[in-house]
file coords01.tsv (TSV, C-alpha atoms)
chain	number	residue	atom	x	y	z
A	1	MET	CA	-31.45	0.48	33.12
A	2	ALA	CA	-32.01	3.23	30.54
A	3	ARG	CA	-29.13	3.88	28.17
A	4	LEU	CA	-27.63	7.35	28.06
A	5	ASN	CA	-26.33	9.51	25.26
A	6	ASP	CA	-22.60	8.70	25.31
A	7	ASN	CA	-21.84	11.86	23.34
A	8	TYR	CA	-22.39	13.89	26.51
A	9	LEU	CA	-19.57	11.91	28.10
A	10	LYS	CA	-17.17	13.23	25.44
A	11	LEU	CA	-17.41	16.73	26.88
A	12	ALA	CA	-13.98	17.34	28.32
A	13	ALA	CA	-15.06	19.24	31.43
A	14	GLY	CA	-17.85	21.24	33.00
A	15	TYR	CA	-19.20	24.19	31.06
A	16	LEU	CA	-16.83	27.17	31.40
A	17	PHE	CA	-18.98	29.57	33.39
A	18	PRO	CA	-20.20	27.13	36.06
A	19	GLU	CA	-16.54	26.26	36.63
A	20	ILE	CA	-15.79	29.93	37.19
A	21	SER	CA	-18.68	30.14	39.64
A	22	ARG	CA	-17.40	27.07	41.47
A	23	ARG	CA	-13.93	28.54	41.95
A	24	VAL	CA	-15.30	31.90	43.05
A	25	SER	CA	-17.60	30.20	45.57
A	26	LEU	CA	-14.70	28.27	47.07
A	27	PHE	CA	-12.64	31.46	47.33
A	28	SER	CA	-15.51	33.39	48.93
A	29	GLU	CA	-16.13	30.65	51.48
A	30	ALA	CA	-12.45	30.73	52.46
A	31	ASN	CA	-12.36	34.55	52.40
A	32	PRO	CA	-15.79	35.72	53.63
A	33	ASN	CA	-14.68	39.35	54.00
A	34	ALA	CA	-13.28	39.65	50.49
A	35	ASP	CA	-15.03	42.20	48.26
A	36	VAL	CA	-15.17	40.20	45.02
A	37	ILE	CA	-15.76	42.15	41.80
A	38	LYS	CA	-17.10	40.00	38.98
A	39	LEU	CA	-16.06	40.97	35.45
A	40	GLY	CA	-16.21	37.42	34.13
A	41	ILE	CA	-19.63	36.28	32.94
A	42	GLY	CA	-21.15	38.75	30.49
A	43	ASP	CA	-24.31	39.50	32.47
A	44	VAL	CA	-25.83	42.97	32.44
A	45	VAL	CA	-26.21	45.04	35.62
A	46	LEU	CA	-28.29	48.08	34.62
A	47	PRO	CA	-32.07	47.90	35.15
A	48	LEU	CA	-34.61	47.58	32.37
A	49	SER	CA	-35.41	50.89	30.71
A	50	SER	CA	-38.59	52.70	31.69
A	51	ALA	CA	-40.05	52.31	28.19
A	52	VAL	CA	-39.59	48.53	28.36
A	53	ARG	CA	-41.03	48.32	31.86
A	54	GLN	CA	-44.05	50.40	30.93
A	55	ALA	CA	-44.75	48.32	27.84
A	56	MET	CA	-44.61	45.13	29.88
A	57	HIS	CA	-46.85	46.59	32.60
A	58	ASP	CA	-49.36	47.65	29.96
A	59	ALA	CA	-49.30	44.20	28.39
A	60	ILE	CA	-49.93	42.52	31.75
A	61	ASP	CA	-52.81	44.91	32.45
A	62	GLU	CA	-54.18	44.11	29.01
A	63	MET	CA	-54.08	40.40	29.78
A	64	ALA	CA	-55.96	41.05	33.02
A	65	THR	CA	-59.09	41.74	30.96
A	66	ALA	CA	-61.30	39.21	29.21
A	67	GLU	CA	-60.93	41.11	25.94
A	68	GLY	CA	-57.15	41.46	26.14
A	69	PHE	CA	-56.21	38.06	27.55
A	70	ARG	CA	-53.92	35.98	25.34
A	71	GLY	CA	-53.05	32.33	25.63
A	72	TYR	CA	-50.69	30.58	23.21
A	73	GLY	CA	-49.21	33.06	20.79
A	74	PRO	CA	-47.60	32.33	17.42
A	75	SER	CA	-44.50	30.19	17.96
A	76	GLU	CA	-42.46	32.34	15.57
A	77	GLY	CA	-43.39	35.58	17.37
A	78	TYR	CA	-46.11	38.18	17.15
A	79	ASP	CA	-46.27	40.22	13.96
A	80	PHE	CA	-45.85	43.50	15.82
A	81	LEU	CA	-42.39	42.46	17.04
A	82	ARG	CA	-41.24	40.85	13.80
A	83	GLU	CA	-42.27	43.93	11.84
A	84	ALA	CA	-40.47	46.26	14.27
A	85	ILE	CA	-37.31	44.15	13.97
A	86	ALA	CA	-37.42	44.06	10.17
A	87	GLN	CA	-37.88	47.81	9.93
A	88	ASN	CA	-35.49	49.00	12.62
A	89	ASP	CA	-32.67	46.44	12.73
A	90	PHE	CA	-32.45	45.86	9.01
A	91	GLY	CA	-34.51	48.27	6.92
A	92	SER	CA	-32.85	51.25	8.62
A	93	ARG	CA	-29.51	49.97	7.28
A	94	GLY	CA	-30.81	49.32	3.79
A	95	VAL	CA	-31.08	45.56	4.33
A	96	ARG	CA	-34.10	43.66	3.01
A	97	ILE	CA	-35.48	41.23	5.59
A	98	ASP	CA	-39.12	40.18	5.51
A	99	PRO	CA	-40.88	39.88	8.90
A	100	GLY	CA	-41.75	36.29	7.97
A	101	GLU	CA	-38.03	35.47	7.87
A	102	ILE	CA	-37.68	36.41	11.55
A	103	TYR	CA	-38.30	33.90	14.35
A	104	ALA	CA	-38.52	35.21	17.93
A	105	SER	CA	-36.90	33.00	20.56
A	106	ASP	CA	-35.81	32.82	24.18
A	107	GLY	CA	-32.15	33.56	23.50
A	108	SER	CA	-29.30	33.45	21.00
A	109	LYS	CA	-27.53	30.85	23.11
A	110	CYS	CA	-30.53	28.57	22.58
A	111	ASP	CA	-30.75	29.37	18.87
A	112	SER	CA	-27.06	28.82	18.17
A	113	ALA	CA	-27.35	25.50	20.02
A	114	ASN	CA	-30.64	24.35	18.53
A	115	ILE	CA	-29.91	25.27	14.92
A	116	GLN	CA	-27.64	22.25	14.48
A	117	GLU	CA	-30.65	19.95	14.93
A	118	ILE	CA	-31.97	20.67	11.44
A	119	PHE	CA	-28.74	19.60	9.74
A	120	ALA	CA	-27.57	16.07	8.95
A	121	ASP	CA	-25.94	14.00	11.67
A	122	ASP	CA	-22.78	13.80	9.59
A	123	ALA	CA	-22.69	17.49	8.66
A	124	THR	CA	-19.16	18.84	8.89
A	125	LEU	CA	-18.42	22.12	10.63
A	126	ALA	CA	-15.78	24.73	11.26
A	127	VAL	CA	-15.39	27.07	14.20
A	128	SER	CA	-12.99	29.85	15.04
A	129	ASP	CA	-10.60	29.28	17.93
A	130	PRO	CA	-11.06	30.85	20.47
A	131	VAL	CA	-14.81	30.31	20.24
A	132	TYR	CA	-18.03	30.65	22.22
A	133	PRO	CA	-18.20	27.14	23.81
A	134	VAL	CA	-21.86	26.52	22.93
A	135	TYR	CA	-21.07	26.13	19.22
A	136	VAL	CA	-18.71	23.25	19.93
A	137	ASP	CA	-20.39	21.56	22.87
A	138	THR	CA	-23.81	21.22	21.24
A	139	ASN	CA	-22.31	19.52	18.19
A	140	VAL	CA	-20.39	17.19	20.49
A	141	MET	CA	-23.67	16.34	22.20
A	142	ALA	CA	-25.24	15.65	18.81
A	143	GLY	CA	-22.55	13.08	17.97
A	144	ARG	CA	-20.69	14.91	15.21
A	145	THR	CA	-17.28	14.52	16.84
A	146	SER	CA	-14.83	12.05	18.29
A	147	ASN	CA	-13.30	12.40	21.76
A	148	PRO	CA	-11.16	15.48	22.48
A	149	ASP	CA	-7.38	15.45	22.13
A	150	ALA	CA	-4.86	16.73	24.66
A	151	ASN	CA	-5.64	20.33	23.66
A	152	GLY	CA	-9.38	19.85	24.11
A	153	ARG	CA	-10.04	19.82	20.37
A	154	TYR	CA	-12.54	17.36	18.94
A	155	GLY	CA	-12.04	15.26	15.83
A	156	GLY	CA	-14.72	16.08	13.29
A	157	ILE	CA	-14.49	19.84	13.82
A	158	LYS	CA	-12.29	22.07	11.69
A	159	TYR	CA	-10.70	24.65	13.98
A	160	LEU	CA	-9.76	28.02	12.46
A	161	PRO	CA	-7.05	29.65	14.60
A	162	CYS	CA	-7.61	33.31	15.48
A	163	THR	CA	-4.24	34.62	16.58
A	164	GLU	CA	-2.74	37.98	17.36
A	165	GLU	CA	-0.85	37.75	14.07
A	166	SER	CA	-4.11	37.32	12.12
A	167	GLY	CA	-5.85	40.14	13.97
A	168	PHE	CA	-7.89	37.43	15.70
A	169	MET	CA	-9.73	36.78	12.44
A	170	PRO	CA	-10.15	33.21	11.13
A	171	SER	CA	-8.85	32.10	7.76
A	172	LEU	CA	-11.09	30.34	5.26
A	173	PRO	CA	-11.22	26.55	5.74
A	174	ASP	CA	-8.69	24.67	3.61
A	175	GLU	CA	-11.18	21.83	3.12
A	176	PRO	CA	-14.93	21.70	2.42
A	177	VAL	CA	-17.32	21.93	5.37
A	178	ASP	CA	-21.10	22.25	5.58
A	179	LEU	CA	-21.42	24.75	8.42
A	180	VAL	CA	-19.24	27.60	9.69
A	181	TYR	CA	-19.88	29.47	12.94
A	182	LEU	CA	-18.82	33.13	12.84
A	183	CYS	CA	-19.30	35.67	15.64
A	184	SER	CA	-18.96	39.43	15.08
A	185	PRO	CA	-18.42	41.37	17.30
A	186	ASN	CA	-16.54	38.38	18.53
A	187	ASN	CA	-16.98	36.76	21.89
A	188	PRO	CA	-14.41	36.53	23.49
A	189	THR	CA	-11.90	38.70	21.58
A	190	GLY	CA	-14.11	41.75	20.96
A	191	MET	CA	-12.93	42.04	17.35
A	192	VAL	CA	-15.30	42.89	14.47
A	193	ALA	CA	-15.17	41.58	10.90
A	194	SER	CA	-14.83	44.21	8.19
A	195	ARG	CA	-16.98	44.35	5.08
A	196	GLU	CA	-14.06	42.95	3.09
A	197	GLU	CA	-13.65	40.09	5.54
A	198	LEU	CA	-17.35	39.16	5.46
A	199	SER	CA	-17.46	39.42	1.67
A	200	LYS	CA	-14.66	36.87	1.52
A	201	TRP	CA	-16.68	34.48	3.68
A	202	VAL	CA	-19.90	34.96	1.72
A	203	ASP	CA	-18.11	34.32	-1.58
A	204	TRP	CA	-16.51	31.20	-0.13
A	205	ALA	CA	-19.79	29.88	1.30
A	206	ARG	CA	-21.64	30.35	-1.98
A	207	ALA	CA	-18.86	28.69	-3.96
A	208	ASN	CA	-18.74	25.72	-1.57
A	209	GLU	CA	-22.50	25.43	-0.89
A	210	ALA	CA	-21.84	25.94	2.81
A	211	ILE	CA	-23.97	27.78	5.35
A	212	ILE	CA	-22.62	30.50	7.65
A	213	LEU	CA	-24.13	30.61	11.15
A	214	PHE	CA	-23.56	34.27	12.00
A	215	ASP	CA	-23.82	35.33	15.64
A	216	ALA	CA	-24.44	39.10	15.82
A	217	ALA	CA	-25.60	39.21	19.44
A	218	TYR	CA	-23.33	42.20	20.18
A	219	GLU	CA	-23.91	44.22	17.01
A	220	ARG	CA	-25.39	47.20	18.88
A	221	PHE	CA	-21.99	47.80	20.47
A	222	ILE	CA	-20.31	48.55	17.14
A	223	THR	CA	-19.13	52.18	17.15
A	224	GLU	CA	-17.07	52.25	13.95
A	225	ASP	CA	-18.14	51.99	10.31
A	226	LEU	CA	-18.35	48.20	10.22
A	227	PRO	CA	-21.12	45.77	9.20
A	228	HIS	CA	-23.79	45.08	11.81
A	229	SER	CA	-25.33	42.23	9.82
A	230	ILE	CA	-23.98	39.69	7.39
A	231	TYR	CA	-26.93	40.56	5.18
A	232	GLU	CA	-25.22	43.86	4.43
A	233	ILE	CA	-23.03	41.71	2.16
A	234	GLU	CA	-24.37	40.90	-1.30
A	235	GLY	CA	-25.23	37.23	-1.67
A	236	ALA	CA	-25.48	36.52	2.08
A	237	ARG	CA	-29.21	35.77	1.85
A	238	GLU	CA	-28.27	32.64	-0.09
A	239	CYS	CA	-25.78	31.29	2.44
A	240	ALA	CA	-26.26	32.68	5.95
A	241	ILE	CA	-28.39	32.44	9.07
A	242	GLU	CA	-28.12	35.29	11.58
A	243	PHE	CA	-28.66	35.30	15.35
A	244	ARG	CA	-29.63	38.45	17.27
A	245	SER	CA	-30.34	39.04	20.94
A	246	PHE	CA	-32.01	41.55	23.25
A	247	SER	CA	-30.00	40.27	26.22
A	248	LYS	CA	-27.03	42.63	26.08
A	249	THR	CA	-28.75	45.20	23.88
A	250	ALA	CA	-31.65	45.90	26.24
A	251	GLY	CA	-30.85	44.05	29.47
A	252	PHE	CA	-32.99	40.99	28.71
A	253	THR	CA	-30.62	38.37	30.14
A	254	GLY	CA	-33.22	37.50	32.76
A	255	ILE	CA	-36.27	38.29	30.61
A	256	ARG	CA	-35.24	36.14	27.63
A	257	CYS	CA	-35.95	37.34	24.11
A	258	ALA	CA	-33.95	37.07	20.91
A	259	TYR	CA	-34.50	36.14	17.28
A	260	ILE	CA	-33.04	34.25	14.37
A	261	VAL	CA	-33.21	35.25	10.69
A	262	ILE	CA	-33.45	32.65	7.93
A	263	PRO	CA	-33.93	34.15	4.43
A	264	GLU	CA	-36.27	32.42	2.00
A	265	GLU	CA	-33.43	32.02	-0.53
A	266	LEU	CA	-31.39	29.82	1.81
A	267	ARG	CA	-31.45	26.17	0.72
A	268	GLY	CA	-29.99	22.87	1.87
A	269	LYS	CA	-30.04	19.38	0.38
A	270	ASP	CA	-31.82	16.29	1.64
A	271	SER	CA	-30.33	12.78	1.42
A	272	LYS	CA	-31.60	12.46	-2.16
A	273	GLY	CA	-30.01	15.70	-3.28
A	274	ASN	CA	-33.25	17.67	-3.42
A	275	SER	CA	-33.11	21.37	-2.61
A	276	VAL	CA	-35.08	22.23	0.54
A	277	PRO	CA	-35.76	25.68	2.08
A	278	VAL	CA	-33.93	25.78	5.41
A	279	SER	CA	-36.66	27.99	6.87
A	280	ASP	CA	-39.21	25.19	6.40
A	281	LEU	CA	-37.24	22.93	8.74
A	282	TRP	CA	-36.68	25.62	11.34
A	283	SER	CA	-40.36	26.56	11.26
A	284	ARG	CA	-41.30	22.91	11.74
A	285	ARG	CA	-38.89	22.54	14.66
A	286	THR	CA	-40.11	25.79	16.23
A	287	ASN	CA	-43.76	24.82	16.07
A	288	THR	CA	-43.03	21.33	17.39
A	289	LYS	CA	-40.72	22.19	20.29
A	290	PHE	CA	-41.53	25.77	21.23
A	291	ASN	CA	-44.65	27.71	22.26
A	292	GLY	CA	-43.19	31.15	21.76
A	293	ILE	CA	-42.14	34.07	23.96
A	294	SER	CA	-44.70	35.50	26.34
A	295	TYR	CA	-46.80	38.41	25.14
A	296	PRO	CA	-45.59	40.91	27.80
A	297	VAL	CA	-41.95	40.13	26.99
A	298	GLN	CA	-42.50	40.66	23.28
A	299	ARG	CA	-44.23	43.97	23.98
A	300	GLY	CA	-41.21	44.92	26.08
A	301	ALA	CA	-38.88	44.01	23.22
A	302	GLU	CA	-40.99	46.04	20.79
A	303	ALA	CA	-40.63	49.07	23.08
A	304	ILE	CA	-36.88	49.33	22.53
A	305	TYR	CA	-37.67	50.55	19.01
A	306	SER	CA	-39.80	53.45	20.26
A	307	ALA	CA	-38.18	56.88	20.42
A	308	ALA	CA	-37.93	56.76	24.21
A	309	GLY	CA	-36.86	53.12	24.28
A	310	ALA	CA	-34.15	53.57	21.69
A	311	LYS	CA	-32.70	56.52	23.61
A	312	GLU	CA	-32.70	54.64	26.92
A	313	VAL	CA	-31.19	51.49	25.42
A	314	GLN	CA	-28.43	53.50	23.74
A	315	ALA	CA	-27.62	55.17	27.06
A	316	ASN	CA	-27.08	51.76	28.65
A	317	ILE	CA	-24.90	50.61	25.75
A	318	ASP	CA	-22.84	53.82	26.03
A	319	TYR	CA	-22.42	53.14	29.75
A	320	TYR	CA	-20.99	49.67	29.11
A	321	LEU	CA	-18.77	50.92	26.31
A	322	ALA	CA	-17.39	53.59	28.64
A	323	ASN	CA	-16.60	50.78	31.09
A	324	ALA	CA	-14.79	48.95	28.30
A	325	THR	CA	-12.73	52.04	27.58
A	326	LEU	CA	-11.79	52.34	31.27
A	327	ILE	CA	-10.69	48.71	31.35
A	328	LYS	CA	-8.76	48.85	28.10
A	329	GLU	CA	-7.00	52.17	28.77
A	330	GLY	CA	-6.29	51.36	32.41
A	331	LEU	CA	-4.72	47.99	31.64
A	332	SER	CA	-2.80	49.34	28.63
A	333	LYS	CA	-1.25	52.10	30.76
A	334	ALA	CA	-0.23	49.43	33.27
A	335	GLY	CA	1.66	47.54	30.55
A	336	PHE	CA	-0.92	44.92	29.58
A	337	THR	CA	-1.40	44.08	25.91
A	338	THR	CA	-5.10	44.49	25.17
A	339	PHE	CA	-7.50	43.95	22.27
A	340	GLY	CA	-11.18	44.63	21.65
A	341	GLY	CA	-13.12	46.93	23.96
A	342	VAL	CA	-13.96	49.42	21.18
A	343	ASN	CA	-16.84	47.80	19.28
A	344	ALA	CA	-17.71	45.22	21.92
A	345	PRO	CA	-18.23	44.99	25.69
A	346	TYR	CA	-15.24	42.68	26.13
A	347	VAL	CA	-11.53	43.37	26.54
A	348	TRP	CA	-9.18	40.55	25.52
A	349	LEU	CA	-5.74	40.71	27.10
A	350	LYS	CA	-2.50	38.80	27.18
A	351	THR	CA	-1.79	37.17	30.51
A	352	PRO	CA	1.31	38.79	32.03
A	353	GLY	CA	4.60	37.01	32.53
A	354	GLY	CA	3.70	33.98	30.44
A	355	ARG	CA	1.11	32.74	32.93
A	356	ASP	CA	-1.45	30.28	31.61
A	357	SER	CA	-5.08	31.40	31.59
A	358	TRP	CA	-6.35	29.53	34.67
A	359	GLN	CA	-3.19	30.36	36.60
A	360	PHE	CA	-3.84	34.04	35.95
A	361	PHE	CA	-7.51	33.59	36.90
A	362	ASP	CA	-6.56	32.15	40.30
A	363	GLU	CA	-3.82	34.70	40.89
A	364	LEU	CA	-6.06	37.61	39.90
A	365	LEU	CA	-8.78	36.39	42.25
A	366	GLU	CA	-6.34	35.83	45.10
A	367	LYS	CA	-4.44	39.12	44.76
A	368	THR	CA	-7.18	41.53	43.66
A	369	HIS	CA	-10.49	39.72	44.30
A	370	VAL	CA	-11.42	40.38	40.68
A	371	VAL	CA	-13.04	37.70	38.49
A	372	GLY	CA	-12.44	37.38	34.75
A	373	THR	CA	-12.66	34.57	32.20
A	374	PRO	CA	-9.68	32.37	31.24
A	375	GLY	CA	-9.04	32.44	27.52
A	376	SER	CA	-8.32	28.72	27.40
A	377	GLY	CA	-11.98	28.14	28.24
A	378	PHE	CA	-12.76	29.36	24.73
A	379	GLY	CA	-10.33	27.01	22.98
A	380	ALA	CA	-6.69	26.07	22.55
A	381	CYS	CA	-5.82	29.39	20.86
A	382	GLY	CA	-7.23	31.23	23.86
A	383	GLU	CA	-4.47	29.91	26.10
A	384	GLY	CA	-2.34	32.77	27.36
A	385	TYR	CA	-5.20	35.25	27.07
A	386	PHE	CA	-7.95	36.48	29.37
A	387	ARG	CA	-11.35	38.16	28.96
A	388	LEU	CA	-12.71	40.97	31.10
A	389	SER	CA	-16.34	42.03	30.76
A	390	ALA	CA	-17.52	45.65	30.72
A	391	PHE	CA	-20.87	44.63	32.22
A	392	GLY	CA	-20.32	46.09	35.65
A	393	ILE	CA	-21.20	49.03	37.87
A	394	ARG	CA	-18.88	51.96	37.04
A	395	GLU	CA	-17.46	52.32	40.54
A	396	GLN	CA	-16.70	48.60	40.70
A	397	VAL	CA	-15.01	48.67	37.30
A	398	GLU	CA	-12.84	51.59	38.40
A	399	GLU	CA	-11.98	49.80	41.63
A	400	ALA	CA	-11.14	46.58	39.78
A	401	ILE	CA	-8.75	48.30	37.40
A	402	ASP	CA	-7.12	50.17	40.28
A	403	ARG	CA	-6.54	46.88	42.12
A	404	ILE	CA	-5.14	45.13	39.05
A	405	THR	CA	-2.76	47.92	38.09
A	406	LYS	CA	-1.41	48.06	41.64
A	407	ARG	CA	-0.79	44.32	41.97
A	408	PHE	CA	0.49	43.41	38.48

call {"tool": "encode", "arguments": {"input": "coords01.tsv", "output": "C-alpha cells"}}
result
Amino acid sequence: MARLNDNYLKLAAGYLFPEISRRVSLFSEANPNADVIKLGIGDVVLPLSSAVRQAMHDAIDEMATAEGFRGYGPSEGYDFLREAIAQNDFGSRGVRIDPGEIYASDGSKCDSANIQEIFADDATLAVSDPVYPVYVDTNVMAGRTSNPDANGRYGGIKYLPCTEESGFMPSLPDEPVDLVYLCSPNNPTGMVASREELSKWVDWARANEAIILFDAAYERFITEDLPHSIYEIEGARECAIEFRSFSKTAGFTGIRCAYIVIPEELRGKDSKGNSVPVSDLWSRRTNTKFNGISYPVQRGAEAIYSAAGAKEVQANIDYYLANATLIKEGLSKAGFTTFGGVNAPYVWLKTPGGRDSWQFFDELLEKTHVVGTPGSGFGACGEGYFRLSAFGIREQVEEAIDRITKRF
C-alpha cells in the first residue's frame, strides 16, 4: 500500500470555507424556504466588464485563424501583460518594477501556497494571527510544523497576535525567522499597513536577512493615502516578494489570473551559504510545473488597463466599497463594534454578547439567514470576531443588514 504524506494529517480540521458551505447546506436542506444571503466567502458577484469581455472575444477570434492561433505561451506570461502591469500598477506610483520580474499565474492563493516550495524544508516562518489560512496550511503540508495545540496553533510557526489594542497590526518577531507573511489590506480584518509600519518591517527584514511575503491582493480597494505596494518602501526590493490578483480587482475569481513580483535584487542562501537569486528558483519552478495562463485570459487582464477597462473596473470596486460602507455603518448604528470596511471589502466585527465565533455564525444563520465567516477560522486571535464580505448584490446587502439589526 502506498504511503501517504503524514503532514496532511496534522491539519486540524477541514479548510474553513468548505466547512462554511457544509453548514449552510445542512441549514438549507432543513429550511428549504429560507432566503439565505451569503456574505461569507469573498467571491465577486458583478459581471466581467465589457472591455474585458471584448478583449477575450477578440483573442478567441484571433485564435480561430491559422495566423493567430497560439499553443503553449510563455510560462511566466506574455510580454504585453507583464509590460502593462509594470507600467500601470507600479510605474504610475513611481515604483520601479521590470516586466521580467513579473510572473503571471492562475491566482494569488496558488502563489502564496506555492512560494514556500522554493525555500528550505527547515525554513522558519512567522504569520499574523488572525491570518489567511492558506499561509499556515501549506507550510503544515510541507512538514515545517509539529501537530497543533489546543488553540489550533502549530509548533514551528511564530504567531504574531493582531489585537484590537494593536490596531490589528502585528509586532515584529522577537526571534529570527526566515519568512514572514504580511497581508495589506488585511484579510480578514480589513486593516491597511501605513508607510511607517511597512518601513519598520523592511528595515527588520534587511537587518535579519529575512524575506517578506507580501499579499497585496486587495490593494485596489485602498481609498486613503496608504501604500499599495511594499515596493513603495525603500529597500523592499532586497527583501520582499509581492502577490497581486485580478480576482477581486476585475472579477476574475472564475477566470483565474494573478501575478507575483520577485525583484532581481532579492537573494537567498543555499546549504553552502552561497547567495542565489530567488527569481531563478521561482522561474525554474514555474517552467517545470506550469504552462501559463491562456492567451484570451491574459488579453482580458490586459484590457483592465485600457481607458475603458480602468473606468469599468473602478466602478465595480466603488460598488463593493459602497456595500462595505453600508455594512459598517449599519452595524455600528446597531451597536456592533466594527473595523475595516474603508480600504478593503471586508468588515471585521466583534461578536455580540461574548459569543464565540462559530456560535455567532450558527445563530446569525438561524435568526437572519445571513452567512458570514467566523473569526476563529483565521486563527486563535480571531476568536470573538466575525467577518462580513462586501461582495454582494446591493439589495441583498441592504436586506442582510436590516435583518441583523432587527434580530441582534

call {"tool": "residues_around", "arguments": {"input": "coords01.tsv", "residues": "Glu76 in chain A", "least_positions_apart": "2", "cutoff": "12 Å", "atoms": "only C-alpha atoms", "output": "PyMOL selection string"}}
result
chain A and resi 72-74+78-82+99-106+257-262+279+282-294+298

call {"tool": "write_last_selection", "arguments": {"input": "coords01.tsv", "atoms": "C-alpha atoms", "output": "mmCIF file, keeping the file's coordinate frame"}}
result
data_model
loop_
_atom_site.group_PDB
_atom_site.id
_atom_site.type_symbol
_atom_site.label_atom_id
_atom_site.label_comp_id
_atom_site.auth_asym_id
_atom_site.auth_seq_id
_atom_site.Cartn_x
_atom_site.Cartn_y
_atom_site.Cartn_z
ATOM 1 C CA TYR A 72 -50.690 30.580 23.210
ATOM 2 C CA GLY A 73 -49.210 33.060 20.790
ATOM 3 C CA PRO A 74 -47.600 32.330 17.420
ATOM 4 C CA TYR A 78 -46.110 38.180 17.150
ATOM 5 C CA ASP A 79 -46.270 40.220 13.960
ATOM 6 C CA PHE A 80 -45.850 43.500 15.820
ATOM 7 C CA LEU A 81 -42.390 42.460 17.040
ATOM 8 C CA ARG A 82 -41.240 40.850 13.800
ATOM 9 C CA PRO A 99 -40.880 39.880 8.900
ATOM 10 C CA GLY A 100 -41.750 36.290 7.970
ATOM 11 C CA GLU A 101 -38.030 35.470 7.870
ATOM 12 C CA ILE A 102 -37.680 36.410 11.550
ATOM 13 C CA TYR A 103 -38.300 33.900 14.350
ATOM 14 C CA ALA A 104 -38.520 35.210 17.930
ATOM 15 C CA SER A 105 -36.900 33.000 20.560
ATOM 16 C CA ASP A 106 -35.810 32.820 24.180
ATOM 17 C CA CYS A 257 -35.950 37.340 24.110
ATOM 18 C CA ALA A 258 -33.950 37.070 20.910
ATOM 19 C CA TYR A 259 -34.500 36.140 17.280
ATOM 20 C CA ILE A 260 -33.040 34.250 14.370
ATOM 21 C CA VAL A 261 -33.210 35.250 10.690
ATOM 22 C CA ILE A 262 -33.450 32.650 7.930
ATOM 23 C CA SER A 279 -36.660 27.990 6.870
ATOM 24 C CA TRP A 282 -36.680 25.620 11.340
ATOM 25 C CA SER A 283 -40.360 26.560 11.260
ATOM 26 C CA ARG A 284 -41.300 22.910 11.740
ATOM 27 C CA ARG A 285 -38.890 22.540 14.660
ATOM 28 C CA THR A 286 -40.110 25.790 16.230
ATOM 29 C CA ASN A 287 -43.760 24.820 16.070
ATOM 30 C CA THR A 288 -43.030 21.330 17.390
ATOM 31 C CA LYS A 289 -40.720 22.190 20.290
ATOM 32 C CA PHE A 290 -41.530 25.770 21.230
ATOM 33 C CA ASN A 291 -44.650 27.710 22.260
ATOM 34 C CA GLY A 292 -43.190 31.150 21.760
ATOM 35 C CA ILE A 293 -42.140 34.070 23.960
ATOM 36 C CA SER A 294 -44.700 35.500 26.340
ATOM 37 C CA GLN A 298 -42.500 40.660 23.280
#

call {"tool": "closest_residue", "arguments": {"input": "coords01.tsv", "among": "A:His369, A:Arg220, A:Arg387, A:Arg407", "to": "Phe339 in chain A", "atoms": "only C-alpha atoms"}}
result
A:Arg387

call {"tool": "closest_residue", "arguments": {"input": "coords01.tsv", "among": "A:Leu16, A:Val192, A:Ala216, A:Met56", "to": "Phe246 in chain A", "atoms": "all atoms listed in the file"}}
result
A:Ala216

call {"tool": "residues_around", "arguments": {"input": "coords01.tsv", "residues": "Gly40 in chain A", "least_positions_apart": "2", "cutoff": "12 Å", "atoms": "all atoms listed in the file", "output": "PyMOL selection string"}}
result
chain A and resi 16-21+24+36-38+42-44+188+345-348+361+364-365+369-375+377+386-392+397+400

call {"tool": "closest_residue", "arguments": {"input": "coords01.tsv", "among": "A:Asp111, A:Asp280, A:Glu175, A:Glu329", "to": "Phe243 in chain A", "atoms": "all atoms listed in the file"}}
result
A:Asp111

call {"tool": "build_atoms", "arguments": {"input": "coords01.tsv", "residues": "range 50-60 of chain A", "atoms": "N, CA and C atoms", "output": "PDB file, keeping the file's coordinate frame"}}
result
ATOM      1  N   SER A  50     -37.217  52.370  31.309  1.00  0.00           N
ATOM      2  CA  SER A  50     -38.590  52.700  31.690  1.00  0.00           C
ATOM      3  C   SER A  50     -39.572  52.395  30.575  1.00  0.00           C
ATOM      4  N   ALA A  51     -39.161  52.586  29.320  1.00  0.00           N
ATOM      5  CA  ALA A  51     -40.050  52.310  28.190  1.00  0.00           C
ATOM      6  C   ALA A  51     -40.375  50.813  28.124  1.00  0.00           C
ATOM      7  N   VAL A  52     -39.371  49.981  28.365  1.00  0.00           N
ATOM      8  CA  VAL A  52     -39.590  48.530  28.360  1.00  0.00           C
ATOM      9  C   VAL A  52     -40.487  48.128  29.516  1.00  0.00           C
ATOM     10  N   ARG A  53     -40.218  48.655  30.684  1.00  0.00           N
ATOM     11  CA  ARG A  53     -41.030  48.320  31.860  1.00  0.00           C
ATOM     12  C   ARG A  53     -42.486  48.721  31.664  1.00  0.00           C
ATOM     13  N   GLN A  54     -42.687  49.928  31.128  1.00  0.00           N
ATOM     14  CA  GLN A  54     -44.050  50.400  30.930  1.00  0.00           C
ATOM     15  C   GLN A  54     -44.797  49.539  29.932  1.00  0.00           C
ATOM     16  N   ALA A  55     -44.114  49.156  28.860  1.00  0.00           N
ATOM     17  CA  ALA A  55     -44.750  48.320  27.840  1.00  0.00           C
ATOM     18  C   ALA A  55     -45.144  46.966  28.414  1.00  0.00           C
ATOM     19  N   MET A  56     -44.305  46.415  29.278  1.00  0.00           N
ATOM     20  CA  MET A  56     -44.610  45.130  29.880  1.00  0.00           C
ATOM     21  C   MET A  56     -45.753  45.254  30.896  1.00  0.00           C
ATOM     22  N   HIS A  57     -45.742  46.345  31.667  1.00  0.00           N
ATOM     23  CA  HIS A  57     -46.850  46.590  32.600  1.00  0.00           C
ATOM     24  C   HIS A  57     -48.171  46.703  31.846  1.00  0.00           C
ATOM     25  N   ASP A  58     -48.140  47.465  30.746  1.00  0.00           N
ATOM     26  CA  ASP A  58     -49.360  47.650  29.960  1.00  0.00           C
ATOM     27  C   ASP A  58     -49.859  46.325  29.392  1.00  0.00           C
ATOM     28  N   ALA A  59     -48.920  45.491  28.959  1.00  0.00           N
ATOM     29  CA  ALA A  59     -49.300  44.200  28.390  1.00  0.00           C
ATOM     30  C   ALA A  59     -49.915  43.288  29.456  1.00  0.00           C
ATOM     31  N   ILE A  60     -49.371  43.333  30.659  1.00  0.00           N
ATOM     32  CA  ILE A  60     -49.930  42.520  31.750  1.00  0.00           C
ATOM     33  C   ILE A  60     -51.331  43.015  32.110  1.00  0.00           C
TER      34      ILE A  60
END
